[in-house]
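*Asks:* Pasting input-v2.txt here (compact mmCIF, C-alpha atoms):
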# COMPACT_ATOMS: atom_id res chain seq x y z
CA MET A 5 67.32 134.37 -6.77
CA MET A 6 64.02 135.35 -8.25
CA GLU A 7 63.24 139.04 -8.60
CA THR A 8 59.72 139.13 -9.83
CA THR A 9 56.49 140.43 -8.45
CA THR A 10 54.01 138.21 -6.70
CA LEU A 11 51.29 139.69 -8.90
CA LEU A 12 52.84 137.88 -11.88
CA LEU A 13 52.84 134.61 -9.95
CA LEU A 14 49.24 135.18 -8.90
CA SER A 15 48.27 135.89 -12.52
CA LEU A 16 49.96 132.67 -13.65
CA SER A 17 48.20 130.78 -10.89
CA ALA A 18 44.81 132.34 -11.74
CA PHE A 19 45.28 131.56 -15.43
CA MET A 20 46.09 127.92 -14.66
CA PHE A 21 43.13 127.75 -12.30
CA GLY A 22 40.89 129.10 -15.09
CA ILE A 23 42.12 126.39 -17.48
CA GLY A 24 41.47 123.73 -14.83
CA LEU A 25 37.99 125.09 -14.16
CA TYR A 26 37.24 125.05 -17.89
CA GLY A 27 38.26 121.38 -17.99
CA LEU A 28 36.16 120.53 -14.94
CA ILE A 29 33.02 122.05 -16.45
CA SER A 30 33.44 121.03 -20.09
CA LYS A 31 34.38 117.33 -19.69
CA ARG A 32 32.22 114.28 -19.00
CA ASN A 33 34.98 111.71 -18.50
CA MET A 34 35.71 111.19 -14.80
CA LEU A 35 39.47 110.83 -15.35
CA ARG A 36 39.63 113.97 -17.50
CA MET A 37 37.84 115.82 -14.69
CA LEU A 38 40.38 114.43 -12.22
CA LEU A 39 43.24 115.69 -14.42
CA ALA A 40 41.58 119.14 -14.63
CA ALA A 41 41.19 119.19 -10.84
CA GLU A 42 44.91 118.40 -10.56
CA VAL A 43 45.66 121.47 -12.72
CA ASN A 44 43.59 123.47 -10.21
CA PHE A 45 45.60 121.92 -7.35
CA ASN A 46 48.90 122.93 -8.99
CA ALA A 47 47.60 126.49 -9.45
CA ALA A 48 46.52 126.72 -5.80
CA LEU A 49 49.87 125.36 -4.59
CA LEU A 50 51.72 127.97 -6.66
CA ALA A 51 49.58 130.78 -5.19
CA LEU A 52 50.14 129.44 -1.66
CA LEU A 53 53.93 129.34 -2.01
CA ALA A 54 54.06 132.73 -3.75
CA PHE A 55 52.05 134.19 -0.89
CA ALA A 56 54.31 132.51 1.67
CA SER A 57 57.49 133.83 0.04
CA SER A 58 56.10 137.35 -0.27
CA SER A 59 55.67 137.56 3.50
CA PRO A 60 58.51 139.36 5.33
CA SER A 61 58.30 136.96 8.30
CA PRO A 62 60.49 133.80 7.99
CA GLU A 63 57.96 131.86 10.09
CA ALA A 64 55.24 132.60 7.53
CA ALA A 65 57.42 131.01 4.84
CA SER A 66 57.85 127.90 7.00
CA VAL A 67 54.12 127.67 7.68
CA GLY A 68 53.44 128.04 3.95
CA GLY A 69 55.96 125.28 3.26
CA ILE A 70 54.37 122.95 5.83
CA THR A 71 50.90 123.58 4.39
CA ALA A 72 52.24 122.83 0.92
CA LEU A 73 53.85 119.57 2.12
CA LEU A 74 50.61 118.39 3.73
CA ALA A 75 48.61 119.46 0.66
CA ILE A 76 50.87 117.52 -1.73
CA GLY A 77 50.60 114.39 0.45
CA ILE A 78 46.82 114.61 0.69
CA ALA A 79 46.51 115.37 -3.06
CA ALA A 80 48.43 112.17 -3.84
CA ALA A 81 46.02 110.22 -1.59
CA ASP A 82 43.08 111.95 -3.23
CA VAL A 83 44.28 110.77 -6.65
CA GLY A 84 44.34 107.17 -5.39
CA MET A 85 40.84 107.57 -4.01
CA LEU A 86 39.37 109.02 -7.21
CA VAL A 87 41.06 106.47 -9.46
CA SER A 88 39.64 103.66 -7.32
CA ILE A 89 36.16 105.24 -7.65
CA ALA A 90 36.75 105.35 -11.42
CA ILE A 91 37.76 101.65 -11.42
CA LEU A 92 34.61 100.80 -9.45
CA MET A 93 32.44 102.82 -11.83
CA TYR A 94 34.04 101.12 -14.81
CA HIS A 95 33.34 97.72 -13.22
CA LEU A 96 29.70 98.61 -12.68
CA ARG A 97 28.90 100.60 -15.84
CA ARG A 98 31.71 99.88 -18.35
CA ARG A 99 31.89 103.67 -18.90
CA LEU A 100 33.37 106.66 -17.10
CA ASP A 101 30.65 109.14 -18.07
CA VAL A 102 29.81 111.28 -15.02
CA TYR A 103 26.36 111.96 -16.48
CA GLU A 104 25.56 108.33 -15.66
CA LEU A 105 26.58 108.74 -12.00
CA LYS A 106 23.17 110.09 -10.95
CA GLU A 107 21.68 106.74 -11.97
CA SER A 108 24.00 104.93 -9.55
CA LYS A 109 22.27 105.88 -6.29
CA GLY A 110 22.38 103.57 -3.26
CA MET B 30 60.35 147.93 -6.77
CA SER B 31 56.68 148.63 -7.46
CA ALA B 32 54.14 145.93 -8.23
CA LEU B 33 54.42 146.12 -12.01
CA GLU B 34 58.13 146.95 -12.41
CA ILE B 35 59.99 144.04 -13.98
CA ALA B 36 63.76 143.54 -14.01
CA LEU B 37 65.02 141.35 -16.90
CA THR B 38 67.31 139.16 -14.82
CA PRO B 39 68.24 135.58 -15.88
CA SER B 40 65.96 134.16 -13.18
CA PHE B 41 63.06 136.23 -14.51
CA ILE B 42 63.65 134.91 -18.04
CA VAL B 43 63.72 131.36 -16.62
CA PHE B 44 60.47 132.14 -14.82
CA VAL B 45 58.83 133.38 -18.06
CA VAL B 46 59.90 130.21 -19.90
CA LEU B 47 58.58 128.03 -17.04
CA ALA B 48 55.32 129.98 -16.94
CA ALA B 49 54.86 129.44 -20.69
CA VAL B 50 55.57 125.71 -20.28
CA ALA B 51 53.14 125.50 -17.34
CA VAL B 52 50.31 127.28 -19.18
CA ALA B 53 50.82 125.26 -22.39
CA SER B 54 50.93 122.00 -20.38
CA ALA B 55 47.80 122.96 -18.41
CA PHE B 56 45.97 123.61 -21.68
CA LEU B 57 47.16 120.31 -23.17
CA VAL B 58 46.12 118.40 -20.00
CA VAL B 59 42.57 119.63 -20.53
CA GLU B 60 42.35 119.60 -24.34
CA HIS B 61 44.59 116.81 -25.67
CA LYS B 62 42.63 114.07 -27.46
CA SER B 63 44.56 111.23 -25.83
CA LEU B 64 44.14 110.70 -22.08
CA VAL B 65 47.63 109.22 -21.87
CA TYR B 66 49.17 112.40 -23.28
CA SER B 67 46.98 114.48 -20.95
CA ALA B 68 48.46 112.64 -17.96
CA PHE B 69 51.95 113.06 -19.43
CA PHE B 70 51.43 116.82 -19.71
CA LEU B 71 50.19 116.89 -16.10
CA GLY B 72 53.64 115.54 -15.23
CA VAL B 73 55.29 118.31 -17.31
CA LEU B 74 53.11 120.89 -15.54
CA GLY B 75 54.16 119.47 -12.16
CA MET B 76 57.84 119.66 -13.15
CA ALA B 77 57.53 123.29 -14.30
CA ASN B 78 55.77 124.11 -11.03
CA ALA B 79 58.49 122.35 -9.03
CA VAL B 80 61.21 124.45 -10.68
CA ILE B 81 59.21 127.63 -9.91
CA PHE B 82 58.97 126.46 -6.26
CA SER B 83 62.73 126.06 -6.11
CA LEU B 84 63.21 129.54 -7.64
CA LEU B 85 60.98 130.84 -4.84
CA GLY B 86 63.34 129.25 -2.35
CA PHE B 87 61.29 126.15 -1.47
CA THR B 88 63.80 123.59 -2.77
CA PHE B 89 62.75 120.84 -0.37
CA ILE B 90 59.08 121.25 -1.33
CA ALA B 91 60.05 121.18 -5.02
CA LEU B 92 61.82 117.84 -4.45
CA PHE B 93 58.84 116.52 -2.47
CA HIS B 94 56.51 117.64 -5.28
CA LEU B 95 58.67 115.83 -7.85
CA ALA B 96 58.93 112.64 -5.81
CA VAL B 97 55.43 112.31 -4.35
CA TYR B 98 53.20 114.14 -6.80
CA ILE B 99 54.84 113.40 -10.15
CA GLY B 100 56.62 110.21 -9.15
CA ALA B 101 53.61 108.61 -7.51
CA ALA B 102 50.32 110.34 -8.28
CA VAL B 103 50.81 111.24 -11.96
CA THR B 104 52.42 107.88 -12.77
CA PHE B 105 49.50 106.16 -11.03
CA ILE B 106 46.98 108.13 -13.15
CA LEU B 107 49.00 107.33 -16.28
CA PHE B 108 48.86 103.58 -15.59
CA ALA B 109 45.19 103.68 -14.57
CA ILE B 110 44.18 105.56 -17.74
CA THR B 111 45.36 102.73 -19.98
CA MET B 112 42.47 100.58 -18.62
CA PHE B 113 39.68 102.89 -19.69
CA GLU B 114 38.13 104.15 -22.91
CA GLU B 115 37.03 107.66 -23.93
CA VAL B 116 33.63 109.28 -23.27
CA PRO B 117 31.90 111.62 -25.79
CA PRO B 118 32.46 115.38 -25.18
CA VAL B 119 29.82 117.72 -23.75
CA GLU B 120 27.60 119.87 -25.97
CA ARG B 121 28.80 123.24 -27.29
CA ARG B 122 26.65 125.33 -24.89
CA VAL B 123 28.43 123.84 -21.84
CA ARG B 124 31.79 124.66 -23.43
CA PHE B 125 30.82 128.34 -23.68
CA ILE B 126 29.71 128.31 -20.03
CA ALA B 127 33.05 126.70 -19.12
CA ILE B 128 35.04 129.37 -20.99
CA PHE B 129 33.01 132.12 -19.28
CA ALA B 130 33.56 130.48 -15.86
CA ALA B 131 37.33 130.23 -16.50
CA LEU B 132 37.58 133.92 -17.44
CA LEU B 133 35.45 134.92 -14.47
CA ALA B 134 37.67 132.86 -12.13
CA PHE B 135 40.80 134.54 -13.53
CA VAL B 136 39.37 138.06 -13.11
CA LEU B 137 38.01 137.33 -9.63
CA ILE B 138 41.24 135.75 -8.34
CA VAL B 139 43.46 138.56 -9.65
CA GLY B 140 40.94 141.21 -8.56
CA VAL B 141 40.32 139.91 -5.05
CA PHE B 142 43.80 138.68 -4.11
CA GLY B 143 45.83 141.12 -6.24
CA THR B 144 46.11 143.64 -3.41
CA TYR B 145 47.66 141.00 -1.12
CA PHE B 146 50.18 140.01 -3.82
CA ALA B 147 51.41 143.51 -4.65
CA GLY B 148 54.94 143.08 -3.23
CA THR B 149 58.14 141.54 -4.56
CA VAL B 150 59.03 137.91 -3.99
CA GLN B 151 61.69 137.37 -1.36
CA PRO B 152 63.12 133.84 -1.78
CA SER B 153 62.84 132.21 1.64
CA TYR B 154 65.24 129.21 1.47
CA VAL B 155 63.45 127.20 4.13
CA ASP B 156 65.55 124.11 4.90
CA TYR B 157 64.09 120.71 5.67
CA LYS B 158 65.35 120.74 9.28
CA THR B 159 63.31 123.86 10.04
CA LEU B 160 60.28 122.32 8.33
CA ALA B 161 60.69 119.04 10.21
CA GLY B 162 61.09 120.96 13.48
CA PHE B 163 57.90 122.92 12.86
CA LEU B 164 56.00 119.79 11.82
CA THR B 165 56.97 117.70 14.82
CA GLU B 166 56.88 120.41 17.48
CA LYS B 167 54.39 123.10 16.58
CA TYR B 168 52.11 121.51 13.98
CA TRP B 169 52.15 117.88 15.16
CA PHE B 170 48.35 117.73 15.29
CA ALA B 171 48.07 118.72 11.60
CA LEU B 172 50.64 116.02 10.79
CA LEU B 173 48.62 113.49 12.80
CA VAL B 174 45.38 114.42 11.02
CA ALA B 175 47.13 114.23 7.62
CA GLY B 176 48.54 110.79 8.50
CA LEU B 177 45.12 109.53 9.61
CA THR B 178 43.58 110.94 6.41
CA LEU B 179 46.14 109.07 4.31
CA VAL B 180 45.47 105.79 6.13
CA THR B 181 41.68 106.23 5.81
CA THR B 182 42.03 107.02 2.11
CA LEU B 183 44.18 103.95 1.59
CA ILE B 184 41.57 101.71 3.27
CA GLU B 185 38.75 103.34 1.25
CA ALA B 186 40.66 102.92 -2.01
CA ILE B 187 41.35 99.22 -1.33
CA THR B 188 37.71 98.62 -0.30
CA LEU B 189 36.34 100.35 -3.40
CA ALA B 190 38.69 98.55 -5.75
CA ARG B 191 37.72 95.14 -4.28
CA ILE B 192 33.93 95.54 -4.66
CA GLU B 193 32.64 92.91 -7.09
CA ARG B 194 30.19 93.66 -9.86
CA ARG B 195 26.58 92.73 -8.94
CA GLU B 196 24.99 90.35 -11.44
For the structure just supplied, provide its representation as structure tokens.

*Replies:*
Amino acid sequence: MMETTTLLLLSLSAFMFGIGLYGLISKRNMLRMLLAAEVNFNAALLALLAFASSSPSPEAASVGGITALLAIGIAAADVGMLVSIAILMYHLRRRLDVYELKESKG
Amino acid sequence: MSALEIALTPSFIVFVVLAAVAVASAFLVVEHKSLVYSAFFLGVLGMANAVIFSLLGFTFIALFHLAVYIGAAVTFILFAITMFEEVPPVERRVRFIAIFAALLAFVLIVGVFGTYFAGTVQPSYVDYKTLAGFLTEKYWFALLVAGLTLVTTLIEAITLARIERRE
């Protein structure tokens, strides 16, 4: 049983989100940006489940759990999607620099 | 217990260790020189998160996170990364903006949502039968939309990966 405050969990989540945001802004490699976005996803999932478990209603915990399940499934699909975009970009440009993406219109 | 009172129970010590592992892994995901190690540390971060989920009472979701997210998604990234080469880093000015944005995000999240998170965690222990019941009876439409999204994403991923390079 975990006896800690949700504020601690929220702080952990916010700190992880900050690290992910730093990675998203400061990197040019598409895959590094994807990894940073996944850190953000993990932080958001932690906040969601902490919020669900802090609710006194048992139904709220179940709804939080269902949302988390759907989010994990969709995040896994999202990874597949972004990696296939990266493969396509590498085929076309031989680089994964997102600064070159604006030249790939149409 | 008030919002900032902390009891030094074994589970709290485990939580502190897991939080340290999660933060260190998150930092290494973003800053490690090798992309392969970055993906590896994303897996470590996912595992630390999964253990925290199970401490919160969401054991089934922790297992799902381990199987689907780390078992499939992170492993997929890890294999895909081996095909690519590195890109030069951004200039120093953008790094400072990124650090400022990260700090601002931390302050805003804790400041805005802190009032909603002022209570103590009550582990819920939601079992998979309850979750399955909710998913199939009450939230079937969300399940349907998620399923359709997954199928669409799969088709898009296959289509994108099969596009040939134009000469």

*Asks:* Could you give me, as a Markdown table, every range 36-118 of chain B residue with an atom at most 9 Å from range 52-66 of chain A, plus its closest atom pair and distance in Å to one decimal, counting only C-alpha atoms, rows ordered by chain then number?

*Replies:*
| residue | atom | partner | partner_atom | distance |
| --- | --- | --- | --- | --- |
| B:Phe82 | CA | A:Leu53 | CA | 7.2 |
| B:Leu85 | CA | A:Ser57 | CA | 6.7 |
| B:Gly86 | CA | A:Ser57 | CA | 7.8 |
| B:Phe87 | CA | A:Leu53 | CA | 8.0 |

*Asks:* My list of candidates is B:Ile184, B:Phe105, B:Ile138, B:Ala77. Which is closest to Val45 in chain B when distances are computed with all atoms listed in the file?

*Replies:*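 Closest candidate: B:Ala77.
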
*Asks:* For a cut-off of 12 Å around (34.0, 112.7, -22.8), file coordinates, pick out all residues using only C-alpha atoms and list them as a count of residues only.

*Replies:* 31

*Asks:* With 7 Å as the limit and counting all atoms listed in the file, what residues in chain A lie close to chain B? Please list them as number ranges by chain.

*Replies:* A: 5-11, 14-16, 18-20, 22-23, 25-27, 29-33, 39-40, 43, 55, 57-58, 62, 65-66, 69-70, 73-74, 76, 78, 80-81, 83-85, 88-89, 91-92, 95-96, 100-101
